[in-house]
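Okay, so here's the structure we're looking at.
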Amino acid sequence: MSSIPAVVAVNTFREAVRDRVLYNLVFFALLMMGAAILVGQISVGIERLLIVNLGLSAISIFGIIMAIFIGVGLVYKEIEKRTLYSLIAKPIQRWEFIAGKFGGLLLTLAVNTSFMLLGLFAALLFVSHQFQSSDLGIVVAAYFILLQLALVTAIALFFSCFSSPMLSTLFTLGIYVAGVFLKDIRDISLLTKSPFVGAICKAIYYLLPNFQNFNVIGLAGHGEPIPMNLLWQNTLYAAVYVVILLIASAVVFSGKNLK
Amino acid sequence: MSAPAIEIQSLTKDYAVGFWRKKLRRSLDSLSLEVHEGEAFGFLGPNGAGKTTTLKLLMGIIFPTSGTARILGRPIDDVAMHRDIGYLPEQPYFYDYLTARELLDYFARFFGFSAAERNERVNKYLDLVGLASASNVQLRKFSKGMMQRVGIAQAILHEPKVVFLDEPMSGLDPVGRREVRDIILELKRQGRTVFFSTHILSDAEMLCDRVAVLAGGKLQGVGAPNEIVSLEVYGMEVLFELKPGVAVPAGLASKATNTGNRYRVEVPEADLYAAVEQLKLANAKILSVTPLRASLEDYFFKLVGKGQYAPHSIEVQPQ
């Protein structure tokens, strides 16, 4: 990242912090505290599994909500409020702005995820009284969640370049949900008798990112090892999609008349 | 005179309007213009004339339908050229979660200044626009005038060669307007090119080496204020006082207007001595005699004052 996108990214991060976006951490902390106390009382032997599942799922849901709702406004808000006018007159390429906005939200999500992860480990320590070597799988699962969030952010940012926040939210959410159920969509393409529906389902299957690839919450919860090759495969998989989406966003935004 | 700081050739901008059956509306129609280095250039025109569109095109905020423009000899799509230009948008709006100091520091970072240099410039320009005491206040708490001031500061922070100001006096009180006028004069004194749009004709007349008048998206006239308005005297204005109970001389009565016992009358230059003679006979006290010349305002209204250039009135056929 050259220095100009970094300048934009830091400002985007600052905006998120000052807009009290990270206040969701308070809710997460309360959730983890409540769960830790409750789990200790009602379950025997599966405290760890419950805490890890609940914690990682909450990290994922909170992150997805943030990525979509902030992501869809990243560019649109700057155009609507005309804060971009002064910025565009500075020596900044439009693609640098796009890269900076993406970097800024990703930084916000990374900080958010890190703090939530700390909260999760604190709750885990409370119920288990000790850490295990298999707890490293929780960190890997959180990293995969972050990869998912990067992808969702890139999708939201892409729509933000040409669509209103409401439509962008619908589109991004639609792609995310379809991406979660991509295997089912593939099954439909195999089972349907309509060639048209089959072709559409097949196209969706091959085109959209498969978000289930990033879900290792079950493995982390049971303390089972996560294959190391999945680490670089998922990183590469997310990176390819993110780069394509960022290039597409930059192309759309570079040709856009800013009202 | 040196090479043009700004060259605009046949710059045209059409906007698509309507949702379903889109029509093209021409906002700027084949504008050609040259602004020389070191000039203060005023861009005049009524609302919807195309002034802001021109500035947005030059800044790369929107793209031309046809035509070209160069700033400092470089095409307007050359972003590196932006190092040498500054821009104040019309009714500027900035990140309201930042303070004025943080905003200026943010913008200064795009020019690669060191931390010490950024700090120095930010302090200097906050002081210049009268915001030193409000430097740590978040912009969400700023008034329109304060926003305008911080906008001016961000436009000149990096000491650009060419400064574009879109309605710089807008939203400012008389003190603020005076300060902005002084800033523009100072920029001009430093040899910078200042291109600004304004509605306030007296400011343009006072500050500009040349002005252009735009209406209906078309250039109506360009030149030095004293060139485009006639220097020829078209009449004389006489201000005088009469003692209570004394009537205005018969030859002037139909032309005179008054406030209390003070009167104003306009007469042709050739009739001045005759008018003064009549006032002398009536024991009037002559307060002033002023030659009347066409002002920039007269010129402006002659071009655009009849309402024939309604905003966005020109519809064009899609090509």
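How things are named: the first chain in the structure tokens is A, the next is B, and so on; residues count from 1 in each chain; ligands count from 1 in the order shown.
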Env of A:Tyr76: 8 Å cut, atoms = only C-alpha atoms, seq-sep filter 6 positions within chain, self excluded. Answer as a CSV table (one decimal) with N, CA and C atoms, in the first residue's frame.
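Output contents, as saved in part33.csv:
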chain,number,residue,atom,x,y,z
A,160,SER,N,-21.2,0.3,-3.3
A,160,SER,CA,-21.3,1.7,-2.8
A,160,SER,C,-20.8,2.7,-3.9
A,161,CYS,N,-20.1,2.2,-4.9
A,161,CYS,CA,-19.6,3.1,-5.9
A,161,CYS,C,-20.6,3.5,-6.9
A,162,PHE,N,-21.8,2.8,-7.0
A,162,PHE,CA,-22.8,3.2,-8.0
A,162,PHE,C,-24.2,3.1,-7.5
A,163,SER,N,-24.4,2.6,-6.2
A,163,SER,CA,-25.7,2.4,-5.8
A,163,SER,C,-26.0,3.0,-4.4
A,164,SER,N,-27.3,3.2,-4.1
A,164,SER,CA,-27.7,3.8,-2.8
A,164,SER,C,-27.4,2.8,-1.7
A,165,PRO,N,-27.2,3.3,-0.5
A,165,PRO,CA,-26.9,2.4,0.6
A,165,PRO,C,-27.9,1.3,0.8
**Request:** Give the residues of chain A that lie within 7 Å of chain B; count only C-alpha atoms, and format the answer as a PyMOL selection string.
**Result:** chain A and resi 4+15+18+81-83+85-86+88-93+257-258
Give the alpha helix (DSSP H) residues of stretch 6-154 of chain A, as DSSP finds them on the backbone, and put them as a PDB file with C-alpha atoms, in the first residue's frame.
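File produced: out-v3.pdb:
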ATOM      1  CA  ALA A   6      -2.714   4.613   4.045  1.00  0.00           C
ATOM      2  CA  VAL A   7      -3.598   8.260   4.772  1.00  0.00           C
ATOM      3  CA  VAL A   8      -7.191   7.662   3.610  1.00  0.00           C
ATOM      4  CA  ALA A   9      -7.335   4.372   5.539  1.00  0.00           C
ATOM      5  CA  VAL A  10      -6.254   5.947   8.820  1.00  0.00           C
ATOM      6  CA  ASN A  11      -8.877   8.670   8.377  1.00  0.00           C
ATOM      7  CA  THR A  12     -11.557   6.076   7.633  1.00  0.00           C
ATOM      8  CA  PHE A  13     -10.561   4.195  10.780  1.00  0.00           C
ATOM      9  CA  ARG A  14     -10.704   7.423  12.773  1.00  0.00           C
ATOM     10  CA  GLU A  15     -14.180   8.129  11.398  1.00  0.00           C
ATOM     11  CA  ALA A  16     -15.388   4.686  12.475  1.00  0.00           C
ATOM     12  CA  VAL A  17     -13.929   5.109  15.966  1.00  0.00           C
ATOM     13  CA  ARG A  18     -15.421   8.593  16.396  1.00  0.00           C
ATOM     14  CA  ASN A  24     -20.418  -2.927  19.761  1.00  0.00           C
ATOM     15  CA  LEU A  25     -17.509  -4.311  21.780  1.00  0.00           C
ATOM     16  CA  VAL A  26     -19.411  -3.415  24.923  1.00  0.00           C
ATOM     17  CA  PHE A  27     -22.341  -5.592  23.797  1.00  0.00           C
ATOM     18  CA  PHE A  28     -19.929  -8.376  22.924  1.00  0.00           C
ATOM     19  CA  ALA A  29     -18.239  -8.122  26.324  1.00  0.00           C
ATOM     20  CA  LEU A  30     -21.615  -8.274  28.082  1.00  0.00           C
ATOM     21  CA  LEU A  31     -22.616 -11.271  25.944  1.00  0.00           C
ATOM     22  CA  MET A  32     -19.411 -13.119  26.764  1.00  0.00           C
ATOM     23  CA  MET A  33     -19.649 -12.359  30.482  1.00  0.00           C
ATOM     24  CA  GLY A  34     -23.267 -13.474  30.599  1.00  0.00           C
ATOM     25  CA  ALA A  35     -22.523 -16.622  28.615  1.00  0.00           C
ATOM     26  CA  ALA A  36     -19.511 -17.524  30.765  1.00  0.00           C
ATOM     27  CA  ILE A  37     -21.520 -17.240  33.967  1.00  0.00           C
ATOM     28  CA  LEU A  38     -24.559 -19.064  32.531  1.00  0.00           C
ATOM     29  CA  VAL A  39     -22.606 -21.844  30.812  1.00  0.00           C
ATOM     30  CA  GLY A  40     -20.788 -22.702  34.037  1.00  0.00           C
ATOM     31  CA  GLN A  41     -24.114 -23.272  35.751  1.00  0.00           C
ATOM     32  CA  ILE A  42     -26.115 -25.211  33.140  1.00  0.00           C
ATOM     33  CA  GLU A  47     -18.518 -25.295  28.537  1.00  0.00           C
ATOM     34  CA  ARG A  48     -15.604 -24.802  26.218  1.00  0.00           C
ATOM     35  CA  LEU A  49     -17.543 -25.881  23.133  1.00  0.00           C
ATOM     36  CA  LEU A  50     -20.447 -23.557  23.960  1.00  0.00           C
ATOM     37  CA  ILE A  51     -18.259 -20.556  24.718  1.00  0.00           C
ATOM     38  CA  VAL A  52     -16.149 -20.995  21.559  1.00  0.00           C
ATOM     39  CA  ASN A  53     -19.175 -21.534  19.318  1.00  0.00           C
ATOM     40  CA  LEU A  54     -21.061 -18.617  20.794  1.00  0.00           C
ATOM     41  CA  GLY A  55     -18.016 -16.325  20.812  1.00  0.00           C
ATOM     42  CA  LEU A  56     -16.889 -17.044  17.244  1.00  0.00           C
ATOM     43  CA  SER A  57     -20.459 -16.835  15.921  1.00  0.00           C
ATOM     44  CA  ALA A  58     -20.927 -13.487  17.642  1.00  0.00           C
ATOM     45  CA  ILE A  59     -17.596 -12.238  16.228  1.00  0.00           C
ATOM     46  CA  SER A  60     -18.776 -13.278  12.768  1.00  0.00           C
ATOM     47  CA  ILE A  61     -22.281 -11.743  13.043  1.00  0.00           C
ATOM     48  CA  PHE A  62     -21.090  -8.475  14.609  1.00  0.00           C
ATOM     49  CA  GLY A  63     -18.372  -8.226  11.941  1.00  0.00           C
ATOM     50  CA  ILE A  64     -20.703  -8.958   9.022  1.00  0.00           C
ATOM     51  CA  ILE A  65     -23.177  -6.341  10.231  1.00  0.00           C
ATOM     52  CA  MET A  66     -20.381  -3.781  10.541  1.00  0.00           C
ATOM     53  CA  ALA A  67     -18.828  -4.668   7.180  1.00  0.00           C
ATOM     54  CA  ILE A  68     -22.147  -4.344   5.353  1.00  0.00           C
ATOM     55  CA  PHE A  69     -23.608  -1.300   7.047  1.00  0.00           C
ATOM     56  CA  ILE A  70     -20.400   0.738   7.061  1.00  0.00           C
ATOM     57  CA  GLY A  71     -19.148  -0.654   3.744  1.00  0.00           C
ATOM     58  CA  TYR A  76     -21.700   6.882  -1.279  1.00  0.00           C
ATOM     59  CA  LYS A  77     -21.576   9.009   1.873  1.00  0.00           C
ATOM     60  CA  GLU A  78     -18.512  10.890   0.663  1.00  0.00           C
ATOM     61  CA  ILE A  79     -20.250  11.702  -2.627  1.00  0.00           C
ATOM     62  CA  GLU A  80     -23.548  12.665  -0.994  1.00  0.00           C
ATOM     63  CA  THR A  83     -16.567  15.672   1.311  1.00  0.00           C
ATOM     64  CA  LEU A  84     -14.950  14.142  -1.758  1.00  0.00           C
ATOM     65  CA  TYR A  85     -14.791  17.405  -3.686  1.00  0.00           C
ATOM     66  CA  SER A  86     -11.865  18.832  -1.742  1.00  0.00           C
ATOM     67  CA  LEU A  87     -10.167  15.451  -1.631  1.00  0.00           C
ATOM     68  CA  ILE A  88     -10.369  14.812  -5.383  1.00  0.00           C
ATOM     69  CA  ARG A  94      -9.348   7.595  -7.505  1.00  0.00           C
ATOM     70  CA  TRP A  95      -8.121   4.015  -7.091  1.00  0.00           C
ATOM     71  CA  GLU A  96      -6.009   5.177  -4.146  1.00  0.00           C
ATOM     72  CA  PHE A  97      -9.154   6.518  -2.515  1.00  0.00           C
ATOM     73  CA  ILE A  98     -10.918   3.183  -3.044  1.00  0.00           C
ATOM     74  CA  ALA A  99      -7.957   1.238  -1.668  1.00  0.00           C
ATOM     75  CA  GLY A 100      -7.765   3.588   1.315  1.00  0.00           C
ATOM     76  CA  LYS A 101     -11.450   3.302   2.160  1.00  0.00           C
ATOM     77  CA  PHE A 102     -11.218  -0.497   1.976  1.00  0.00           C
ATOM     78  CA  GLY A 103      -8.051  -0.536   4.093  1.00  0.00           C
ATOM     79  CA  GLY A 104      -9.636   1.760   6.676  1.00  0.00           C
ATOM     80  CA  LEU A 105     -12.700  -0.399   7.190  1.00  0.00           C
ATOM     81  CA  LEU A 106     -10.619  -3.557   7.206  1.00  0.00           C
ATOM     82  CA  LEU A 107      -8.410  -2.033   9.890  1.00  0.00           C
ATOM     83  CA  THR A 108     -11.521  -1.182  11.904  1.00  0.00           C
ATOM     84  CA  LEU A 109     -12.814  -4.733  11.535  1.00  0.00           C
ATOM     85  CA  ALA A 110      -9.420  -6.194  12.430  1.00  0.00           C
ATOM     86  CA  VAL A 111      -9.221  -4.128  15.618  1.00  0.00           C
ATOM     87  CA  ASN A 112     -12.811  -5.040  16.438  1.00  0.00           C
ATOM     88  CA  THR A 113     -12.207  -8.747  15.820  1.00  0.00           C
ATOM     89  CA  SER A 114      -8.995  -8.680  17.884  1.00  0.00           C
ATOM     90  CA  PHE A 115     -10.713  -7.146  20.892  1.00  0.00           C
ATOM     91  CA  MET A 116     -13.585  -9.614  20.589  1.00  0.00           C
ATOM     92  CA  LEU A 117     -11.100 -12.451  20.401  1.00  0.00           C
ATOM     93  CA  LEU A 118      -9.493 -11.222  23.610  1.00  0.00           C
ATOM     94  CA  GLY A 119     -12.958 -11.177  25.201  1.00  0.00           C
ATOM     95  CA  LEU A 120     -13.578 -14.704  24.024  1.00  0.00           C
ATOM     96  CA  PHE A 121     -10.301 -15.923  25.522  1.00  0.00           C
ATOM     97  CA  ALA A 122     -11.120 -14.157  28.785  1.00  0.00           C
ATOM     98  CA  ALA A 123     -14.486 -15.963  28.925  1.00  0.00           C
ATOM     99  CA  LEU A 124     -12.744 -19.221  28.029  1.00  0.00           C
ATOM    100  CA  LEU A 125     -10.263 -18.751  30.857  1.00  0.00           C
ATOM    101  CA  PHE A 126     -13.152 -18.081  33.204  1.00  0.00           C
ATOM    102  CA  VAL A 127     -14.882 -21.382  32.405  1.00  0.00           C
ATOM    103  CA  SER A 128     -11.848 -23.637  31.696  1.00  0.00           C
ATOM    104  CA  LEU A 136      -4.794 -21.870  18.627  1.00  0.00           C
ATOM    105  CA  GLY A 137      -7.580 -23.108  16.339  1.00  0.00           C
ATOM    106  CA  ILE A 138      -9.776 -20.317  17.744  1.00  0.00           C
ATOM    107  CA  VAL A 139      -7.271 -17.744  16.485  1.00  0.00           C
ATOM    108  CA  VAL A 140      -7.277 -19.409  13.053  1.00  0.00           C
ATOM    109  CA  ALA A 141     -11.083 -19.397  13.020  1.00  0.00           C
ATOM    110  CA  ALA A 142     -11.095 -15.695  13.916  1.00  0.00           C
ATOM    111  CA  TYR A 143      -8.599 -15.067  11.108  1.00  0.00           C
ATOM    112  CA  PHE A 144     -10.936 -16.833   8.659  1.00  0.00           C
ATOM    113  CA  ILE A 145     -13.799 -14.680   9.911  1.00  0.00           C
ATOM    114  CA  LEU A 146     -11.646 -11.632   9.175  1.00  0.00           C
ATOM    115  CA  LEU A 147     -11.034 -12.949   5.634  1.00  0.00           C
ATOM    116  CA  GLN A 148     -14.811 -13.246   5.233  1.00  0.00           C
ATOM    117  CA  LEU A 149     -15.233  -9.696   6.488  1.00  0.00           C
ATOM    118  CA  ALA A 150     -12.638  -8.481   3.980  1.00  0.00           C
ATOM    119  CA  LEU A 151     -14.644 -10.107   1.215  1.00  0.00           C
ATOM    120  CA  VAL A 152     -17.955  -8.683   2.423  1.00  0.00           C
ATOM    121  CA  THR A 153     -16.365  -5.229   2.743  1.00  0.00           C
ATOM    122  CA  ALA A 154     -15.056  -5.424  -0.838  1.00  0.00           C
TER     123      ALA A 154
END
**Counting only C-alpha atoms, the option among B:Lys141, B:Lys255, B:Arg121, B:Arg178 closest to B:Thr99** =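 The answer is B:Lys141, which sits nearest to B:Thr99.
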**Asked** Closest to A:Leu74 among A:Gln233, A:Ser168, A:Ser194, A:Ser3, using only C-alpha atoms?
**Response**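 Under the stated criterion, the closest residue is A:Ser168.
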Contacts of B:Gly223 within 8 Å, only C-alpha atoms, excl. fewer than 6 positions in-chain, as a PDB file with C-alpha atoms, in the first residue's frame:
ATOM      1  CA  ARG B 210     -10.104  40.214 -15.825  1.00  0.00           C
ATOM      2  CA  VAL B 211     -13.554  38.761 -15.567  1.00  0.00           C
ATOM      3  CA  ALA B 212     -15.663  36.418 -17.656  1.00  0.00           C
TER       4      ALA B 212
END
Set the distance at 9 Å and use only C-alpha atoms: which residues neighbour B:Tyr234 once local chain neighbours fewer than 5 positions away are removed? I'd like the list as a PDB file with N, CA and C atoms, in the first residue's frame.
ATOM      1  N   PRO B 268     -27.556  64.974 -17.803  1.00  0.00           N
ATOM      2  CA  PRO B 268     -26.531  64.713 -18.822  1.00  0.00           C
ATOM      3  C   PRO B 268     -25.316  65.610 -18.573  1.00  0.00           C
ATOM      4  N   GLU B 269     -24.139  65.140 -18.969  1.00  0.00           N
ATOM      5  CA  GLU B 269     -22.906  65.886 -18.707  1.00  0.00           C
ATOM      6  C   GLU B 269     -23.003  67.312 -19.257  1.00  0.00           C
ATOM      7  N   PRO B 291     -19.227  61.893 -11.679  1.00  0.00           N
ATOM      8  CA  PRO B 291     -19.511  61.382 -13.027  1.00  0.00           C
ATOM      9  C   PRO B 291     -20.060  59.953 -12.946  1.00  0.00           C
ATOM     10  N   LEU B 292     -21.009  59.620 -13.780  1.00  0.00           N
ATOM     11  CA  LEU B 292     -21.608  58.280 -13.789  1.00  0.00           C
ATOM     12  C   LEU B 292     -21.061  57.466 -14.956  1.00  0.00           C
ATOM     13  N   ARG B 293     -20.506  56.286 -14.614  1.00  0.00           N
ATOM     14  CA  ARG B 293     -20.005  55.378 -15.650  1.00  0.00           C
ATOM     15  C   ARG B 293     -20.732  54.053 -15.503  1.00  0.00           C
ATOM     16  N   ALA B 294     -20.777  53.290 -16.569  1.00  0.00           N
ATOM     17  CA  ALA B 294     -21.362  51.954 -16.494  1.00  0.00           C
ATOM     18  C   ALA B 294     -20.513  51.102 -15.554  1.00  0.00           C
TER      19      ALA B 294
END
**Prompt:** By how many Å are atom CA of A:Val252 and atom CA of A:Gly73 apart?
**Reply:** 15.7 Å
Show which residues sit within 9 Å of B:Pro4, as a PDB file with N, CA and C atoms, in the first residue's frame. Count only C-alpha atoms, and ignore same-chain residues fewer than 6 positions away.
ATOM      1  N   GLU B  34      -8.885  31.606 -21.574  1.00  0.00           N
ATOM      2  CA  GLU B  34      -7.486  31.519 -21.123  1.00  0.00           C
ATOM      3  C   GLU B  34      -7.305  32.431 -19.923  1.00  0.00           C
ATOM      4  N   VAL B  35      -6.621  31.917 -18.924  1.00  0.00           N
ATOM      5  CA  VAL B  35      -6.296  32.725 -17.750  1.00  0.00           C
ATOM      6  C   VAL B  35      -4.783  32.733 -17.621  1.00  0.00           C
ATOM      7  N   HIS B  36      -4.220  33.917 -17.501  1.00  0.00           N
ATOM      8  CA  HIS B  36      -2.767  34.028 -17.477  1.00  0.00           C
ATOM      9  C   HIS B  36      -2.201  33.843 -16.075  1.00  0.00           C
ATOM     10  N   GLU B  37      -0.942  33.468 -16.034  1.00  0.00           N
ATOM     11  CA  GLU B  37      -0.283  33.260 -14.742  1.00  0.00           C
ATOM     12  C   GLU B  37      -0.256  34.572 -13.966  1.00  0.00           C
ATOM     13  N   ARG B  70      -6.439  22.595 -19.922  1.00  0.00           N
ATOM     14  CA  ARG B  70      -5.103  22.377 -19.366  1.00  0.00           C
ATOM     15  C   ARG B  70      -4.883  23.383 -18.242  1.00  0.00           C
ATOM     16  N   ILE B  71      -4.224  22.919 -17.208  1.00  0.00           N
ATOM     17  CA  ILE B  71      -3.842  23.807 -16.105  1.00  0.00           C
ATOM     18  C   ILE B  71      -2.326  23.722 -15.980  1.00  0.00           C
ATOM     19  N   LEU B  72      -1.674  24.862 -16.005  1.00  0.00           N
ATOM     20  CA  LEU B  72      -0.199  24.933 -15.967  1.00  0.00           C
ATOM     21  C   LEU B  72       0.406  24.055 -17.071  1.00  0.00           C
ATOM     22  N   GLY B  73      -0.260  24.016 -18.193  1.00  0.00           N
ATOM     23  CA  GLY B  73       0.245  23.295 -19.353  1.00  0.00           C
ATOM     24  C   GLY B  73      -0.026  21.804 -19.328  1.00  0.00           C
TER      25      GLY B  73
END
**Message:** Can you pull out the residues contacting B:Tyr263? Cut-off 8 Å, using only C-alpha atoms, and skip same-chain residues under 3 positions away; I want them as a VMD selection string.
**Reply:** chain B and resid 239 to 242 256 to 260
Same residues, C-alpha atoms, saved as an mmCIF file, in the first residue's frame:
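The new file again_27.cif reads:
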data_model
loop_
_atom_site.group_PDB
_atom_site.id
_atom_site.type_symbol
_atom_site.label_atom_id
_atom_site.label_comp_id
_atom_site.auth_asym_id
_atom_site.auth_seq_id
_atom_site.Cartn_x
_atom_site.Cartn_y
_atom_site.Cartn_z
ATOM 1 C CA LEU B 239 -26.155 65.696 -4.434
ATOM 2 C CA PHE B 240 -27.380 68.866 -2.759
ATOM 3 C CA GLU B 241 -29.210 70.268 0.248
ATOM 4 C CA LEU B 242 -31.989 72.861 0.281
ATOM 5 C CA ALA B 256 -34.854 64.875 -8.265
ATOM 6 C CA THR B 257 -35.277 62.340 -5.489
ATOM 7 C CA ASN B 258 -34.853 63.213 -1.849
ATOM 8 C CA THR B 259 -34.360 62.037 1.698
ATOM 9 C CA GLY B 260 -35.414 64.878 3.993
#
**Prompt:** So, counting only C-alpha atoms, which residue among B:Leu11, B:Met236, B:Ala250, B:Arg74 is closest to B:Ser288?
**Reply:** B:Met236
**Request:** Might you pull out every residue within 12 Å of A:Asp184, with only C-alpha atoms counted and same-chain residues fewer than 4 positions away left off, and present them as an NGL selection string?
**Result:** :A and (177-180 or 188-192 or 201-202 or 204-205 or 210 or 212)
Any chance you could export the current selection's N, CA and C atoms as an mmCIF file, in the first residue's frame?
data_model
loop_
_atom_site.group_PDB
_atom_site.id
_atom_site.type_symbol
_atom_site.label_atom_id
_atom_site.label_comp_id
_atom_site.auth_asym_id
_atom_site.auth_seq_id
_atom_site.Cartn_x
_atom_site.Cartn_y
_atom_site.Cartn_z
ATOM 1 N N VAL A 177 -25.553 -14.193 1.721
ATOM 2 C CA VAL A 177 -26.434 -15.345 2.042
ATOM 3 C C VAL A 177 -26.269 -16.433 0.976
ATOM 4 N N ALA A 178 -26.257 -16.023 -0.291
ATOM 5 C CA ALA A 178 -26.063 -17.002 -1.379
ATOM 6 C C ALA A 178 -24.712 -17.698 -1.225
ATOM 7 N N GLY A 179 -23.704 -16.930 -0.794
ATOM 8 C CA GLY A 179 -22.350 -17.478 -0.608
ATOM 9 C C GLY A 179 -22.278 -18.483 0.525
ATOM 10 N N VAL A 180 -23.130 -18.293 1.527
ATOM 11 C CA VAL A 180 -23.177 -19.235 2.652
ATOM 12 C C VAL A 180 -23.844 -20.554 2.216
ATOM 13 N N ILE A 188 -29.167 -27.622 -6.255
ATOM 14 C CA ILE A 188 -30.369 -27.261 -7.032
ATOM 15 C C ILE A 188 -30.054 -27.379 -8.523
ATOM 16 N N SER A 189 -28.859 -26.919 -8.917
ATOM 17 C CA SER A 189 -28.497 -26.963 -10.347
ATOM 18 C C SER A 189 -28.446 -28.405 -10.860
ATOM 19 N N LEU A 190 -28.117 -29.335 -9.926
ATOM 20 C CA LEU A 190 -28.043 -30.746 -10.335
ATOM 21 C C LEU A 190 -29.421 -31.405 -10.354
ATOM 22 N N LEU A 191 -30.300 -30.944 -9.460
ATOM 23 C CA LEU A 191 -31.610 -31.598 -9.312
ATOM 24 C C LEU A 191 -32.691 -31.023 -10.211
ATOM 25 N N THR A 192 -32.564 -29.755 -10.565
ATOM 26 C CA THR A 192 -33.652 -29.108 -11.308
ATOM 27 C C THR A 192 -33.784 -29.679 -12.731
ATOM 28 N N CYS A 201 -28.184 -21.289 -11.490
ATOM 29 C CA CYS A 201 -27.600 -21.807 -10.244
ATOM 30 C C CYS A 201 -26.119 -22.154 -10.432
ATOM 31 N N LYS A 202 -25.822 -22.710 -11.595
ATOM 32 C CA LYS A 202 -24.426 -23.060 -11.880
ATOM 33 C C LYS A 202 -23.552 -21.806 -11.959
ATOM 34 N N ILE A 204 -24.156 -18.921 -10.557
ATOM 35 C CA ILE A 204 -24.003 -18.372 -9.199
ATOM 36 C C ILE A 204 -22.946 -19.168 -8.438
ATOM 37 N N TYR A 205 -23.001 -20.485 -8.587
ATOM 38 C CA TYR A 205 -22.063 -21.349 -7.870
ATOM 39 C C TYR A 205 -20.606 -21.050 -8.248
ATOM 40 N N ASN A 210 -17.507 -18.715 -1.946
ATOM 41 C CA ASN A 210 -18.131 -19.674 -1.048
ATOM 42 C C ASN A 210 -17.737 -19.349 0.388
ATOM 43 N N GLN A 212 -18.770 -20.632 3.075
ATOM 44 C CA GLN A 212 -18.644 -21.791 3.961
ATOM 45 C C GLN A 212 -17.193 -22.265 4.066
#
**Request:** Can you check which residues of stretch 145-295 of chain B DSSP gives as strand (DSSP E or B) on the backbone and send them as a ChimeraX atom specification?
**Result:** /B:162-166,193-198,210-215,218-223,233-241,257-259,262-267,285-293
**Fill in**
note - atom CA of B:Val289 and atom CA of B:Tyr273 are separated by 11.0 Å
